[in-house]
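Below is the file start_11.cif, which contains mmCIF, C-alpha atoms.
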```cif
data_structure
#
loop_
_atom_site.label_atom_id
_atom_site.label_comp_id
_atom_site.auth_asym_id
_atom_site.auth_seq_id
_atom_site.Cartn_x
_atom_site.Cartn_y
_atom_site.Cartn_z
CA MET A 1 -79.33 5.41 -14.31
CA SER A 2 -75.64 4.85 -14.99
CA ASN A 3 -74.47 6.07 -18.39
CA LYS A 4 -70.77 5.69 -19.02
CA LEU A 5 -71.19 6.97 -22.58
CA GLN A 6 -71.64 10.45 -21.13
CA VAL A 7 -68.32 12.25 -20.85
CA LEU A 8 -67.23 13.84 -17.61
CA THR A 9 -68.48 17.41 -17.27
CA PRO A 10 -68.17 20.04 -14.54
CA GLN A 11 -71.86 19.45 -13.82
CA ASN A 12 -71.97 15.65 -13.49
CA SER A 13 -68.74 15.04 -11.55
CA GLN A 14 -67.47 15.05 -8.02
CA ILE A 15 -64.08 13.93 -6.72
CA ILE A 16 -62.72 12.09 -3.70
CA PHE A 17 -59.11 11.92 -2.56
CA ILE A 18 -58.49 8.86 -0.39
CA ASP A 19 -55.54 8.64 2.02
CA GLN A 20 -53.11 10.89 0.19
CA GLN A 21 -50.82 10.71 3.21
CA PRO A 22 -47.06 10.20 3.59
CA GLN A 23 -47.04 6.79 5.28
CA MET A 24 -49.30 5.46 2.54
CA ALA A 25 -47.05 7.04 -0.11
CA PHE A 26 -43.95 5.43 1.43
CA GLY A 27 -45.31 2.03 0.40
CA VAL A 28 -46.08 2.99 -3.20
CA GLN A 29 -43.92 1.17 -5.75
CA SER A 30 -46.10 1.33 -8.86
CA ILE A 31 -45.31 4.95 -9.77
CA ASP A 32 -42.56 7.41 -8.92
CA ARG A 33 -43.77 9.09 -5.75
CA GLN A 34 -42.88 12.62 -6.80
CA THR A 35 -44.79 12.04 -10.05
CA LEU A 36 -47.69 10.71 -8.00
CA LYS A 37 -47.79 13.86 -5.87
CA ASN A 38 -47.53 16.07 -8.97
CA ASN A 39 -50.49 14.29 -10.51
CA VAL A 40 -52.58 14.41 -7.33
CA VAL A 41 -52.01 18.14 -6.94
CA GLY A 42 -52.66 18.75 -10.63
CA LEU A 43 -55.95 16.88 -10.34
CA ALA A 44 -56.95 18.89 -7.28
CA LYS A 45 -56.18 22.15 -9.09
CA ALA A 46 -58.26 20.96 -12.04
CA ALA A 47 -61.18 20.29 -9.73
CA LYS A 48 -60.83 23.77 -8.26
CA ILE A 49 -60.80 25.41 -11.70
CA PHE A 50 -64.10 23.75 -12.60
CA ASN A 51 -65.71 24.02 -9.14
CA ILE A 52 -65.95 20.27 -8.74
CA PRO A 53 -67.12 19.30 -5.23
CA THR A 54 -64.19 17.65 -3.49
CA THR A 55 -64.12 15.16 -0.62
CA ILE A 56 -60.91 14.56 1.33
CA THR A 57 -60.76 11.45 3.51
CA THR A 58 -57.92 10.10 5.62
CA VAL A 59 -57.14 7.05 7.73
CA GLU A 60 -55.39 6.91 11.12
CA THR A 61 -53.76 10.30 10.63
CA ASP A 62 -52.25 10.65 14.10
CA SER A 63 -51.40 7.03 14.83
CA PHE A 64 -49.96 5.87 11.49
CA SER A 65 -50.52 7.61 8.16
CA GLY A 66 -49.53 11.20 8.84
CA ASN A 67 -51.04 14.43 7.59
CA THR A 68 -52.44 14.81 4.09
CA PHE A 69 -49.91 16.11 1.55
CA PRO A 70 -49.59 19.83 2.32
CA GLU A 71 -49.46 20.62 -1.41
CA LEU A 72 -52.90 19.02 -1.76
CA LEU A 73 -54.31 20.79 1.30
CA ALA A 74 -53.05 24.11 -0.03
CA VAL A 75 -55.38 23.68 -3.01
CA VAL A 76 -58.41 22.63 -0.95
CA SER A 77 -57.69 24.55 2.24
CA ASP A 78 -61.39 25.17 2.95
CA ASN A 79 -62.32 21.48 2.85
CA ASP A 80 -63.11 19.43 5.92
CA ILE A 81 -61.05 16.25 6.24
CA LEU A 82 -63.10 13.13 6.93
CA GLU A 83 -61.12 10.84 9.23
CA ARG A 84 -61.71 7.08 9.30
CA THR A 85 -60.54 3.86 10.90
CA SER A 86 -61.67 1.53 8.12
CA MET A 87 -59.46 0.94 5.09
CA ASN A 88 -62.69 1.05 3.07
CA SER A 89 -63.94 4.64 2.85
CA TRP A 90 -67.42 3.40 2.09
CA ASP A 91 -67.64 2.07 5.66
CA ASP A 92 -67.65 5.65 6.95
CA GLN A 93 -71.02 7.40 7.11
CA ASN A 94 -69.51 10.88 6.78
CA VAL A 95 -67.97 9.86 3.45
CA ARG A 96 -71.26 8.36 2.26
CA ASP A 97 -73.15 11.50 3.25
CA ALA A 98 -70.69 13.82 1.48
CA LEU A 99 -70.91 11.84 -1.74
CA ALA A 100 -74.70 11.50 -1.51
CA LYS A 101 -75.14 15.26 -1.06
CA ASN A 102 -73.34 15.87 -4.36
CA ALA A 103 -75.00 12.95 -6.11
CA ALA A 104 -78.39 14.40 -5.23
CA ASN A 105 -77.44 17.35 -7.43
CA GLY A 106 -76.73 15.09 -10.40
CA ARG A 107 -73.05 14.44 -9.65
CA LYS A 108 -73.06 10.66 -9.80
CA LYS A 109 -69.75 10.34 -11.63
CA ILE A 110 -67.19 10.02 -8.83
CA VAL A 111 -63.57 10.63 -9.74
CA VAL A 112 -61.27 8.76 -7.34
CA ALA A 113 -57.57 9.22 -6.54
CA GLY A 114 -56.24 7.25 -3.62
CA LEU A 115 -53.64 5.11 -1.89
CA TRP A 116 -53.34 2.18 -2.12
CA THR A 117 -54.97 1.06 -5.35
CA GLU A 118 -55.33 -2.57 -4.29
CA VAL A 119 -56.87 -1.84 -0.90
CA CYS A 120 -58.50 1.51 -0.23
CA ASN A 121 -59.41 2.28 -3.83
CA THR A 122 -60.68 -1.19 -4.73
CA THR A 123 -62.78 -1.78 -1.64
CA PHE A 124 -64.31 1.69 -1.88
CA ALA A 125 -65.12 1.34 -5.58
CA LEU A 126 -66.68 -2.11 -5.33
CA SER A 127 -68.69 -1.30 -2.21
CA CYS A 128 -69.91 2.04 -3.50
CA MET A 129 -71.01 0.60 -6.83
CA ASN A 130 -72.68 -2.35 -5.10
CA ASP A 131 -74.83 -0.06 -2.95
CA THR A 132 -75.59 2.83 -5.31
CA ASP A 133 -76.01 3.83 -8.94
CA TYR A 134 -72.87 6.00 -8.83
CA GLU A 135 -70.17 5.58 -11.48
CA ILE A 136 -66.53 5.35 -10.45
CA TYR A 137 -63.74 6.91 -12.53
CA MET A 138 -60.42 5.69 -11.12
CA VAL A 139 -57.50 8.03 -11.77
CA ALA A 140 -54.73 5.51 -12.37
CA ASP A 141 -51.81 7.93 -12.34
CA ALA A 142 -52.99 9.79 -9.22
CA SER A 143 -53.22 6.51 -7.33
CA GLY A 144 -50.56 4.02 -6.37
CA GLY A 145 -50.08 0.44 -5.23
CA THR A 146 -47.42 -1.40 -3.28
CA SER A 147 -46.05 -2.96 -6.47
CA VAL A 148 -46.57 -2.65 -10.20
CA ASP A 149 -48.56 -5.90 -10.11
CA ALA A 150 -50.63 -4.78 -7.12
CA HIS A 151 -51.69 -1.64 -8.95
CA LYS A 152 -52.24 -3.36 -12.29
CA TYR A 153 -54.33 -6.24 -11.04
CA ALA A 154 -56.37 -3.99 -8.77
CA MET A 155 -57.13 -1.78 -11.77
CA ASP A 156 -57.99 -4.89 -13.81
CA ARG A 157 -60.33 -6.14 -11.09
CA MET A 158 -62.10 -2.80 -10.86
CA VAL A 159 -62.43 -2.46 -14.62
CA GLN A 160 -63.99 -5.93 -14.78
CA ALA A 161 -66.53 -4.72 -12.23
CA GLY A 162 -67.38 -1.62 -14.27
CA VAL A 163 -64.99 1.05 -12.96
CA VAL A 164 -63.76 3.43 -15.66
CA PRO A 165 -59.95 3.91 -15.73
CA VAL A 166 -58.73 7.43 -16.46
CA THR A 167 -55.65 9.64 -16.03
CA TRP A 168 -55.57 13.00 -14.32
CA GLN A 169 -54.88 14.98 -17.49
CA GLN A 170 -57.65 13.12 -19.29
CA VAL A 171 -60.06 14.24 -16.58
CA LEU A 172 -58.83 17.84 -16.84
CA LEU A 173 -59.28 18.00 -20.60
CA GLU A 174 -62.62 16.22 -20.50
CA TRP A 175 -63.88 18.90 -18.12
CA GLN A 176 -62.53 21.65 -20.40
CA ARG A 177 -63.78 19.92 -23.57
CA ASP A 178 -63.71 22.98 -25.81
CA TRP A 179 -60.92 25.56 -26.04
CA ALA A 180 -63.58 28.14 -26.90
CA ARG A 181 -64.61 28.02 -23.23
CA LYS A 182 -62.53 31.08 -22.43
CA GLU A 183 -63.64 31.34 -18.81
CA THR A 184 -61.38 28.40 -17.91
CA TYR A 185 -58.89 28.52 -20.80
CA ASP A 186 -56.15 30.52 -19.05
CA ALA A 187 -56.38 28.55 -15.82
CA VAL A 188 -56.24 25.20 -17.64
CA THR A 189 -53.26 26.14 -19.78
CA SER A 190 -51.47 27.53 -16.72
CA LEU A 191 -52.11 24.26 -14.91
CA VAL A 192 -50.80 22.27 -17.86
CA LYS A 193 -47.62 24.34 -17.96
CA GLU A 194 -46.99 23.63 -14.29
CA HIS A 195 -47.98 19.97 -14.00
CA SER A 196 -48.14 18.33 -17.44
CA GLY A 197 -44.49 17.85 -18.29
CA ALA A 198 -43.80 17.72 -22.03
CA TYR A 199 -47.30 18.98 -22.86
CA GLY A 200 -46.70 22.09 -20.77
CA MET A 201 -43.25 22.59 -22.29
CA GLY A 202 -44.88 22.44 -25.71
CA ILE A 203 -47.32 25.18 -24.79
CA ASP A 204 -44.48 27.40 -23.58
CA TYR A 205 -42.61 26.81 -26.84
CA ALA A 206 -45.68 27.50 -28.98
CA VAL A 207 -46.41 30.76 -27.14
CA THR A 208 -42.92 32.15 -27.57
CA HIS A 209 -41.56 30.63 -30.78
CA VAL A 210 -44.72 30.09 -32.84
CA HIS A 211 -46.98 32.94 -31.73
CA GLY A 212 -44.28 35.42 -30.71
CA GLY A 213 -45.51 35.85 -27.18
CA SER A 214 -43.49 36.74 -24.11
CA GLU A 215 -41.87 34.27 -21.78
CA ARG A 216 -43.99 33.63 -18.71
CA VAL A 217 -41.22 34.50 -16.26
CA SER A 218 -38.84 37.44 -16.04
CA HIS A 219 -35.13 36.70 -15.90
CA GLY A 220 -31.70 38.30 -16.23
CA LYS A 221 -30.12 39.33 -19.49
CA ARG A 222 -29.21 36.68 -22.01
CA ILE A 223 -25.45 37.21 -22.54
CA GLY A 224 -23.37 35.76 -25.38
CA PRO A 225 -22.44 33.74 -27.22
CA ASN A 226 -18.81 34.67 -26.61
CA PRO A 227 -16.53 31.97 -28.04
CA ALA A 228 -13.29 31.58 -26.07
CA ASN A 229 -9.99 32.06 -27.88
#
```
What do you get writing this file as structure tokens?
Amino acid sequence: MSNKLQVLTPQNSQIIFIDQQPQMAFGVQSIDRQTLKNNVVGLAKAAKIFNIPTTITTVETDSFSGNTFPELLAVVSDNDILERTSMNSWDDQNVRDALAKNAANGRKKIVVAGLWTEVCNTTFALSCMNDTDYEIYMVADASGGTSVDAHKYAMDRMVQAGVVPVTWQQVLLEWQRDWARKETYDAVTSLVKEHSGAYGMGIDYAVTHVHGGSERVSHGKRIGPNPAN
């Protein structure tokens, strides 16, 4: 039975990336596209840290959409890529089977990041929820629509239907949950430094200027100051 009061855990989650392809990204206007890619890759790395089963699905790769972002594939290089013709991933039996295999092991919370929000994400979410007892967690900042309104109203529609809106960093930290979990602590903080903007900068500052640790990269000598005459 669906229980959205349960937080996301590494044991109850799986993730699907839908159509993270260049031609789809070209049409995105709801989020800066470089930020979108950063968030998608950060989310994929989070899933890898916590061994979250990951499904990659694409549409019309050769004839229209292009290859999946190489930065994403570099993280999930062992994954098969499930190709489709339908805009709705739920119409593809290979996608259904991949999700069902993980759901059979208790992973009924499906984290979704896809393009475009108003088409591929919405139709998948509504169809999947209509046919199953899976829960959908839509990663708003690792998805994008063709306009700000397209993204917003698609998210609104899905939320009204019971989809849970989340952000990629929220998902990461929900999986970590407790900083005493040392087996993933270093990997999570390293990911944050690389992909989480100001949060990562804050960790770097705290390590060096609060706790007296070393900088995380080597560099040349710091020379000066040397005021000019």
Open item on the list: Running the PyMOL selection byres ((chain A and resi 19) around 7) on this model by hand, what would come out? Give it as a list in words.
Closed with: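 With the shown file as input, the PyMOL selection byres ((chain A and resi 19) around 7) matches Phe17, Ile18, Gln20, Gln21, Thr57, Thr58, Val59, Gly114 and Leu115 of chain A.
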TODO: One decimal, Å: what's the distance from atom CA of A:Ile15 over to atom CA of A:Ala154, could you say?
DONE: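 Taking atom CA of A:Ile15 and atom CA of A:Ala154, their separation equals 19.6 Å.
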Open item on the list: Could you list, as a ChimeraX atom specification, every residue matched by the PyMOL selection byres ((chain A and resi 33) around 12) in this structure?
Closed with: /A:20-32,34-40,69,115,141-146
- [ ] Run the PyMOL selection byres ((chain A and resi 128-137) around 9) mentally over the shown coordinates, then write out the matched residues as a PyMOL selection string, using the chain letters and numbers from the document.
- [x] chain A and resi 1-4+90+96+103+107-113+123-127+138-139+161-166
TODO: Using atom CA of A:Leu191 and atom CA of A:Val171 as the two end points, give the distance in Å to one decimal.
DONE: 12.9 Å
Task: Residue with smallest distance to A:Glu174 - pool A:Phe50, A:Asp78, A:Lys45, A:Glu83, counting only C-alpha atoms - done: A:Phe50
- [ ] Measuring atom to atom with all atoms listed in the file, identify which of A:Asn102, A:Ser13, A:Thr85, A:Gln93 is nearest to A:Leu172.
- [x]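 So, comparing all the options, the nearest one is A:Ser13.
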Open item on the list: Could you list, as JSON, numbers by chain, every residue within 12 Å of A:Asn94, counting all atoms listed in the file and ignoring same-chain residues fewer than 3 positions away?
Closed with: {"A": [55, 56, 57, 58, 80, 81, 82, 83, 84, 89, 90, 91, 97, 98, 99, 100, 101]}
Task: Shell of 9 Å around A:Thr54, all atoms listed in the file, local chain residues under 2 positions omitted, as an MDAnalysis selection string - done: chainID A and resid 14:17 44 47:48 51:52 56 76 79
TODO: Could you check how far atom CA of A:Asn12 sits from atom CA of A:Trp116, in Å to one decimal?
DONE: 25.6 Å
- [ ] Just give me the residues with any atom within 10 Å of (-43.9, 33.4, -20.5), file coordinates, counting only C-alpha atoms, written as a list in words.
- [x] Ile203, Asp204, Tyr205, Val207, Thr208, Gly213, Ser214, Glu215, Arg216, Val217 and Ser218 of chain A
Task: For A:Val75, the nearest of the candidates A:Thr184, A:Gln169, A:Trp179, A:Val41, counting all atoms listed in the file - done: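 The answer is A:Val41, which sits nearest to A:Val75.
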